[in-house]
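See structure below.
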Amino acid sequence: MTAGPRAPLVEAREVTKLYYTSPGLRATGGRRGFVRALDRVSLTVNAGETVGLVGESGCGKSTLGRVLIRLETSTAGQIVFDGQDITRLRGGKLRKRRRDMQIIFQDPASSLNPRLRIRTALEEAVRTHRGRIPARQMNAHLGALLEMVGLPVEALGRLPREFSVGERQRISLARALAMEPRFLVADEPVSALDAASRAQVSALLASLQKELRLSLLLITHNVELVGQLSHRIAVMYLGRVVETAPTDRLLDAPRHPYTRALLSSVLTREPGAFRPPAVLRGDPPSALDPPKGCHFHPRCPCAEMHCRLIVPLTREVEPGHFAMCHFDFEGGVKVGPQPPPPVAGAGP
Amino acid sequence: MPKAPHTLSIRDLVIEVDGRGGTRTVIDGLSLDVPRASAVALVGESGSGKTLTALAVLGLLPRAATVRGGAVLFDGEDILAAGEERLMALRGDRIGMVFQEPRAALNPLKQVGPQIGEVLQLHKGLGGSLVREQVLSLMEMVGISDPQRSYATYPHQLSSGVLQRVLIATALACRPDLVIADEPTSALDATVQAQILDLLGRLRRDLRMSMLLITHNVGVVAALADSVAVLHGGRVIEAGDVREILTAPQHPYTRSLLAAGGTGAPSRHRAAVERERP
């Protein structure tokens with residue numbers, strides 16, 4: 001972690017994203033006809049910084065990543081990239097901006113065209129970025145890209161199926177980097193890989209992020225991985241960012257009861273050391289019909305009356321450490337501030 | 001009823017699988033004991049034959065797989081020699097099963113309550129309100145909140161965590177002697193995984209069941225198992241108490257398996273990760 005002031009590169013400001021549900025889904029309990037995938041989410045990724053975004057499946061992590069690079073358009077709120085509001089950018093202007101932001105997905109097999117040789121796939125990306133360039137320059141560029149991700153130049157003549165999953169993920173990384181982006185979203189980049197290539201690809205991501213001074217948003221459900229790669233961690237639960245803090249602060253002194261539950265659910269390899277997460281009860285509610293007030297209150301051991309009614313504000317509990325909870329915790333014990341009195345008709 | 005020393009005893013099992021590349025011996029002389037009221041984890045990498053072994057115990061091997069030798073003794077009775085009728089009487093009654101994907105294991109067109117009740121009707125001959133009553137208490141036992149309401153829901157209306165609880169209720173409905181759990185939490189989120197592991201551990205002890213746990217996750221092994229058998233090259237290359245195997249593995253393969261298998265625990269050695277770059 002490097003000290004010093006960092007300039008925000010990408011910002012989500014109070015972003016909400018609704019997905020309208022089909023009549024079939026509506027019958028399963030979503031009475032409202034839409035899913036609030038993101039509920040007034042704010043998140044900043046600074047220049048040259050890795051932010052880890054963790055949370056369980058369906059909590060909106062991937063939606064946030066996609067909204068940030070404008071693969072999806074938010075329903076409300078603002079997306080700011082390098083000082084420019086890109087929330088409603090369209091056409092050529094959006095295409096131009098897109099070069100600065102790239103994404104890699106979980107399954108490299110489905111993000112590479114199985115019929116395109118690696119050379120063709122990479123050339124396409126380079127041309128989009130730089131226009132037509134002489135063959136010799138192109139070759140040098142492709143060679144450099146492959147070297148960056150640790151693959152031999154011979155790879156250019158081969159097809160995706162001739163590579164292992166780990167190597168394919170390196171290729172999609174090379175293609176993303178061909179654009180020379182400033183912001184990279186990595187959505188579960190190693191979840192589909194076996195243990196050995198998982199370690200290699202995460203090491204590669206870490207070193208490239210540093211060398212290229214990339215801003216990296218690492219989306220994963222894997223607490224181990226975010227701990228290794230991130231400067232800061234943001235925790236999401238049912239469409240909201242509930243806690244944000246520098247990595248060490250978040251792992252050592254989590255403030256939100258959900259973060260504590262998540263961290264205490266992590267298994268150890270020590271026989272007999274397994275303790276069930278005492279702070280948890282019940283099962284996660286459906287995103288189609290989230291609870292009122294604080295989304296976590298049905299599973300939260302600290303919840304009180306007003307938690308069921310009022311959405312907590314996000315407070316800065318310490319410099320750089322934000323938590324979205326009515327209470328404050330010290331060493332896991334609930335302390336002030338005093339909860340606000342319940343207001344009739346409050347809540348979403 | 002005769003009581004054999006072990007609930008399950010697998011002796012020199014050999015299984016061949018026909019594939020496009022000819023016949024392959026996948027299980028090659030595997031031996032394994034599951035003592036009474038004890039949980040044994042069978043670990044190994046994907047494709048090592050863990051699940052095939054479990055299917056052999058259930059008499060559910062796919063057509064391409066053939067048992068070429070050995071014996072599978074359940075409570076002293078040779079399962080491999082048992083006929084289909086006998087197997088059907090054992091499965092679900094004295095041997096329960098919990099699989100990785102609860103959504104795939106349940107009938108999507110049948111409400112979950114009656115689906116749990118099916119085993120009770122089939123094996124215990126219960127009917128009507130008696131089944132419903134038992135199912136509701138089973139649902140309560142596995143920690144499903146509001147069993148009355150959940151009874152009449154369909155699988156697609158429930159989260160994977162709740163569905164896994166439903167599957168556990170089905171597996172335990174007849175109080176089996178042996179539960180086979182094949183990657184029981186691999187499809188679940190971290191907090192739900194911890195809750196389900198806690199549930200399985202408690203129920204196993206309370207009901208004094210034996211368990212054959214199949215997993216590749218060291219954390220799951222540490223949480224649930226009493227002893228561990230490591231499967232490699234079609235046979236058990238190392239077996240013993242869970243403490244011994246996890247803290248002082250003898251076989252080099254076990255060591256590399258343990259080193260590679262993460263648990264999902266947070267570590268923050270960014271520098272170390274960067275050094276590992278090939």
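How things are named: the first chain in the structure tokens is A, the next is B, and so on; residues count from 1 in each chain; ligands count from 1 in the order shown.
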
So which bits of region 42-142 of chain B end up strand (DSSP E) when you DSSP the backbone, as a PDB file with C-alpha atoms, in the first residue's frame?
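Resulting contents of states.pdb:
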ATOM      1  CA  LEU B  42     -12.379 -39.049   1.105  1.00  0.00           C
ATOM      2  CA  VAL B  43     -10.244 -36.352  -0.506  1.00  0.00           C
ATOM      3  CA  ALA B  65     -18.522 -48.023 -15.188  1.00  0.00           C
ATOM      4  CA  THR B  66     -18.063 -51.639 -14.139  1.00  0.00           C
ATOM      5  CA  VAL B  67     -16.900 -53.104 -10.850  1.00  0.00           C
ATOM      6  CA  ARG B  68     -14.082 -55.530 -11.655  1.00  0.00           C
ATOM      7  CA  GLY B  69     -13.240 -56.653  -8.161  1.00  0.00           C
ATOM      8  CA  GLY B  70     -13.434 -56.092  -4.433  1.00  0.00           C
ATOM      9  CA  ALA B  71     -16.284 -55.777  -1.995  1.00  0.00           C
ATOM     10  CA  VAL B  72     -18.415 -53.003  -0.495  1.00  0.00           C
ATOM     11  CA  LEU B  73     -19.756 -54.091   2.890  1.00  0.00           C
ATOM     12  CA  PHE B  74     -22.519 -52.046   4.447  1.00  0.00           C
ATOM     13  CA  GLU B  77     -23.714 -56.998   3.889  1.00  0.00           C
ATOM     14  CA  ASP B  78     -22.102 -57.040   0.436  1.00  0.00           C
ATOM     15  CA  ILE B  95     -28.086 -44.861   3.604  1.00  0.00           C
ATOM     16  CA  GLY B  96     -28.832 -41.158   3.099  1.00  0.00           C
ATOM     17  CA  MET B  97     -27.355 -38.982   0.397  1.00  0.00           C
ATOM     18  CA  VAL B  98     -26.558 -35.269   0.171  1.00  0.00           C
TER      19      VAL B  98
END

Please identify all polymer residues within 10 Å of Arg175 (chain B), counting only C-alpha atoms, omitting same-chain residues fewer than 3 positions from it, and present them as a PDB file with C-alpha atoms, in the first residue's frame.
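What landed in result39.pdb:
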ATOM      1  CA  GLY B  92     -32.872 -43.387   1.467  1.00  0.00           C
ATOM      2  CA  ASP B  93     -33.667 -45.595   4.445  1.00  0.00           C
ATOM      3  CA  ARG B  94     -30.389 -46.763   5.937  1.00  0.00           C
ATOM      4  CA  ILE B  95     -28.086 -44.861   3.604  1.00  0.00           C
ATOM      5  CA  GLY B  96     -28.832 -41.158   3.099  1.00  0.00           C
ATOM      6  CA  ALA B 169     -33.934 -33.283   5.827  1.00  0.00           C
ATOM      7  CA  THR B 170     -34.701 -35.823   3.077  1.00  0.00           C
ATOM      8  CA  ALA B 171     -31.440 -37.669   3.667  1.00  0.00           C
ATOM      9  CA  LEU B 172     -32.020 -37.871   7.421  1.00  0.00           C
ATOM     10  CA  LEU B 178     -24.710 -43.838   6.967  1.00  0.00           C
ATOM     11  CA  VAL B 179     -24.856 -40.491   5.193  1.00  0.00           C
ATOM     12  CA  LEU B 207     -28.123 -38.828  15.652  1.00  0.00           C
ATOM     13  CA  ARG B 208     -24.894 -40.856  15.936  1.00  0.00           C
ATOM     14  CA  MET B 209     -24.626 -41.341  12.199  1.00  0.00           C
TER      15      MET B 209
END

Which residues come within 8 Å of Ser160 (chain B), counting only C-alpha atoms, excluding same-chain residues fewer than 6 positions away, as a short mmCIF file (atom, residue, chain, number, x, y, z; two decimals) with C-alpha atoms, in the first residue's frame?
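And here is the file that came out, part_34.cif:
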data_model
loop_
_atom_site.label_atom_id
_atom_site.label_comp_id
_atom_site.auth_asym_id
_atom_site.auth_seq_id
_atom_site.Cartn_x
_atom_site.Cartn_y
_atom_site.Cartn_z
CA PRO B 102 -29.47 -29.27 -4.28
CA ARG B 103 -31.35 -27.69 -7.17
CA ALA B 187 -22.18 -24.68 -4.37
CA LEU B 188 -22.97 -22.42 -1.42
#

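Nearest to Ile214 (chain B) of all the residues B:Thr191, B:Thr185, B:Thr247, B:Ser9 is B:Thr185, based on only C-alpha atoms.
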
- Which of region 8-242 of chain B counts as alpha helix (DSSP H) under DSSP, as a count of residues only please? 89

Go through chain A residue by residue and, counting only C-alpha atoms, keep those with an atom at most 7 Å from chain B; for each kept residue give the shortest atom pair and its distance in Å to one decimal, ordered by chain and increasing number, as a tab-separated table.
residue	atom	partner	partner_atom	distance
A:Thr28	CA	B:Gln157	CA	5.6
A:Glu56	CA	B:Asp189	CA	5.8
A:Ser57	CA	B:Asp189	CA	6.9
A:Ala195	CA	B:Ala260	CA	5.7
A:Ala196	CA	B:Ala260	CA	6.7
A:Gln200	CA	B:Arg277	CA	6.1
A:Ala203	CA	B:Val273	CA	5.0
A:Leu204	CA	B:Arg277	CA	5.9
A:Ala206	CA	B:Glu274	CA	6.1
A:Ser207	CA	B:Glu274	CA	5.7
A:Asn222	CA	B:Gly264	CA	6.2
A:Val223	CA	B:Pro266	CA	5.4
A:Glu224	CA	B:Pro266	CA	3.7
A:Gly227	CA	B:Arg268	CA	4.7
A:Gln228	CA	B:Arg268	CA	4.2
A:Leu229	CA	B:Arg270	CA	5.7
A:Ala261	CA	B:Thr191	CA	6.8
A:Leu262	CA	B:Thr191	CA	5.7
A:Ser265	CA	B:Thr191	CA	5.1
A:Val266	CA	B:Ala265	CA	5.4
A:Leu267	CA	B:Gly219	CA	4.9
A:Thr268	CA	B:Gly219	CA	5.2
A:Arg269	CA	B:Gly219	CA	4.7
A:Glu270	CA	B:Ala222	CA	5.9
A:Pro271	CA	B:Ala222	CA	4.3
A:Gly272	CA	B:Ala223	CA	6.4
A:Phe274	CA	B:Ala223	CA	5.1
A:Pro276	CA	B:Asp198	CA	5.6
A:Pro277	CA	B:Ala194	CA	6.8
A:Gly282	CA	B:Ser145	CA	6.8
A:Asp283	CA	B:Gly161	CA	6.7

Emit the selected residues as an mmCIF file, in the first residue's frame, including N, CA and C atoms.
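Listed below is the output, part16.cif:
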data_model
loop_
_atom_site.group_PDB
_atom_site.id
_atom_site.type_symbol
_atom_site.label_atom_id
_atom_site.label_comp_id
_atom_site.auth_asym_id
_atom_site.auth_seq_id
_atom_site.Cartn_x
_atom_site.Cartn_y
_atom_site.Cartn_z
ATOM 1 N N THR A 28 -42.793 -15.639 -8.149
ATOM 2 C CA THR A 28 -42.016 -16.302 -7.118
ATOM 3 C C THR A 28 -41.783 -15.412 -5.907
ATOM 4 N N GLU A 56 -21.743 -12.065 -1.565
ATOM 5 C CA GLU A 56 -22.195 -13.381 -1.978
ATOM 6 C C GLU A 56 -22.937 -13.298 -3.301
ATOM 7 N N SER A 57 -23.233 -14.462 -3.875
ATOM 8 C CA SER A 57 -23.823 -14.445 -5.208
ATOM 9 C C SER A 57 -25.147 -13.685 -5.195
ATOM 10 N N ALA A 195 -6.193 -24.842 -8.745
ATOM 11 C CA ALA A 195 -5.422 -24.198 -7.681
ATOM 12 C C ALA A 195 -4.099 -23.609 -8.162
ATOM 13 N N ALA A 196 -3.367 -24.351 -8.993
ATOM 14 C CA ALA A 196 -2.039 -23.884 -9.396
ATOM 15 C C ALA A 196 -2.133 -22.645 -10.290
ATOM 16 N N GLN A 200 -1.001 -18.425 -10.002
ATOM 17 C CA GLN A 200 -0.211 -17.730 -11.024
ATOM 18 C C GLN A 200 -0.943 -16.534 -11.594
ATOM 19 N N ALA A 203 -1.088 -13.701 -9.129
ATOM 20 C CA ALA A 203 0.208 -13.033 -9.047
ATOM 21 C C ALA A 203 0.421 -12.122 -10.252
ATOM 22 N N LEU A 204 0.009 -12.600 -11.413
ATOM 23 C CA LEU A 204 0.146 -11.818 -12.634
ATOM 24 C C LEU A 204 -0.673 -10.528 -12.550
ATOM 25 N N ALA A 206 -1.619 -8.965 -9.892
ATOM 26 C CA ALA A 206 -1.017 -8.068 -8.907
ATOM 27 C C ALA A 206 0.155 -7.309 -9.506
ATOM 28 N N SER A 207 1.039 -8.023 -10.226
ATOM 29 C CA SER A 207 2.237 -7.339 -10.710
ATOM 30 C C SER A 207 1.906 -6.411 -11.878
ATOM 31 N N ASN A 222 -14.399 -14.478 -3.119
ATOM 32 C CA ASN A 222 -13.312 -15.161 -2.442
ATOM 33 C C ASN A 222 -12.532 -14.186 -1.547
ATOM 34 N N VAL A 223 -12.747 -14.302 -0.243
ATOM 35 C CA VAL A 223 -12.136 -13.373 0.703
ATOM 36 C C VAL A 223 -10.615 -13.476 0.677
ATOM 37 N N GLU A 224 -10.132 -14.693 0.437
ATOM 38 C CA GLU A 224 -8.696 -14.932 0.375
ATOM 39 C C GLU A 224 -8.054 -14.062 -0.711
ATOM 40 N N GLY A 227 -8.049 -10.241 -0.069
ATOM 41 C CA GLY A 227 -7.061 -9.920 0.947
ATOM 42 C C GLY A 227 -5.667 -9.816 0.342
ATOM 43 N N GLN A 228 -5.386 -10.707 -0.612
ATOM 44 C CA GLN A 228 -4.058 -10.734 -1.228
ATOM 45 C C GLN A 228 -3.825 -9.558 -2.162
ATOM 46 N N LEU A 229 -4.836 -9.175 -2.926
ATOM 47 C CA LEU A 229 -4.597 -8.259 -4.037
ATOM 48 C C LEU A 229 -5.027 -6.809 -3.799
ATOM 49 N N ALA A 261 -19.616 -11.439 10.005
ATOM 50 C CA ALA A 261 -20.162 -12.771 9.732
ATOM 51 C C ALA A 261 -19.433 -13.410 8.557
ATOM 52 N N LEU A 262 -19.208 -12.609 7.519
ATOM 53 C CA LEU A 262 -18.536 -13.118 6.320
ATOM 54 C C LEU A 262 -17.130 -13.602 6.660
ATOM 55 N N SER A 265 -17.011 -16.751 8.667
ATOM 56 C CA SER A 265 -17.470 -17.945 7.957
ATOM 57 C C SER A 265 -16.340 -18.618 7.197
ATOM 58 N N VAL A 266 -15.224 -17.917 7.092
ATOM 59 C CA VAL A 266 -14.114 -18.481 6.345
ATOM 60 C C VAL A 266 -13.553 -19.682 7.100
ATOM 61 N N LEU A 267 -13.355 -20.786 6.375
ATOM 62 C CA LEU A 267 -12.934 -22.018 7.035
ATOM 63 C C LEU A 267 -11.436 -22.020 7.286
ATOM 64 N N THR A 268 -11.033 -22.701 8.349
ATOM 65 C CA THR A 268 -9.608 -22.874 8.591
ATOM 66 C C THR A 268 -9.269 -24.336 8.351
ATOM 67 N N ARG A 269 -7.988 -24.604 8.148
ATOM 68 C CA ARG A 269 -7.590 -25.988 7.910
ATOM 69 C C ARG A 269 -7.162 -26.663 9.210
ATOM 70 N N GLU A 270 -7.439 -25.986 10.321
ATOM 71 C CA GLU A 270 -7.038 -26.528 11.605
ATOM 72 C C GLU A 270 -8.138 -27.456 12.114
ATOM 73 N N PRO A 271 -7.851 -28.734 12.325
ATOM 74 C CA PRO A 271 -8.912 -29.645 12.762
ATOM 75 C C PRO A 271 -9.461 -29.215 14.119
ATOM 76 N N GLY A 272 -10.760 -29.263 14.247
ATOM 77 C CA GLY A 272 -11.389 -28.944 15.524
ATOM 78 C C GLY A 272 -11.538 -27.466 15.785
ATOM 79 N N PHE A 274 -13.165 -25.368 13.803
ATOM 80 C CA PHE A 274 -14.356 -24.819 13.168
ATOM 81 C C PHE A 274 -15.381 -24.357 14.194
ATOM 82 N N PRO A 276 -19.100 -22.316 14.178
ATOM 83 C CA PRO A 276 -20.110 -21.708 13.314
ATOM 84 C C PRO A 276 -20.165 -20.213 13.572
ATOM 85 N N PRO A 277 -20.476 -19.435 12.531
ATOM 86 C CA PRO A 277 -20.555 -17.991 12.726
ATOM 87 C C PRO A 277 -21.707 -17.659 13.675
ATOM 88 N N GLY A 282 -30.573 -17.737 10.285
ATOM 89 C CA GLY A 282 -31.447 -17.760 9.121
ATOM 90 C C GLY A 282 -30.697 -17.803 7.803
ATOM 91 N N ASP A 283 -31.441 -17.730 6.720
ATOM 92 C CA ASP A 283 -30.877 -17.795 5.393
ATOM 93 C C ASP A 283 -30.981 -16.437 4.719
#

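Nearest residue to Gly49 (chain B), choosing from B:Ser256, B:Thr25, B:Gln250, B:Ser150 and counting only C-alpha atoms: B:Thr25.
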
- Exercise: region 7-16 of chain A partners within 10 Å, only C-alpha atoms, chain neighbours under 2 positions left out, as a ChimeraX atom specification: /A:4-5,18,36-49,64-65,67-69,73-85,87,101,182-183,215,217,239-240

- Item | Gap from CA of Arg168 (chain A) to CA of Thr63 (chain A) - Å, one decimal | 23.8 Å

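As for CA of Ser197 (chain A) and CA of Arg260 (chain A), they are spaced 29.6 Å apart.
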
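For the residues A:Ala273, A:Leu214, A:Leu238, A:Leu280, ranking by smallest atom-to-atom distance to Leu177 (chain A) using only C-alpha atoms places A:Leu214 first.
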
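As for CA of Pro184 (chain B) and CA of Phe99 (chain B), they are spaced 5.6 Å apart.
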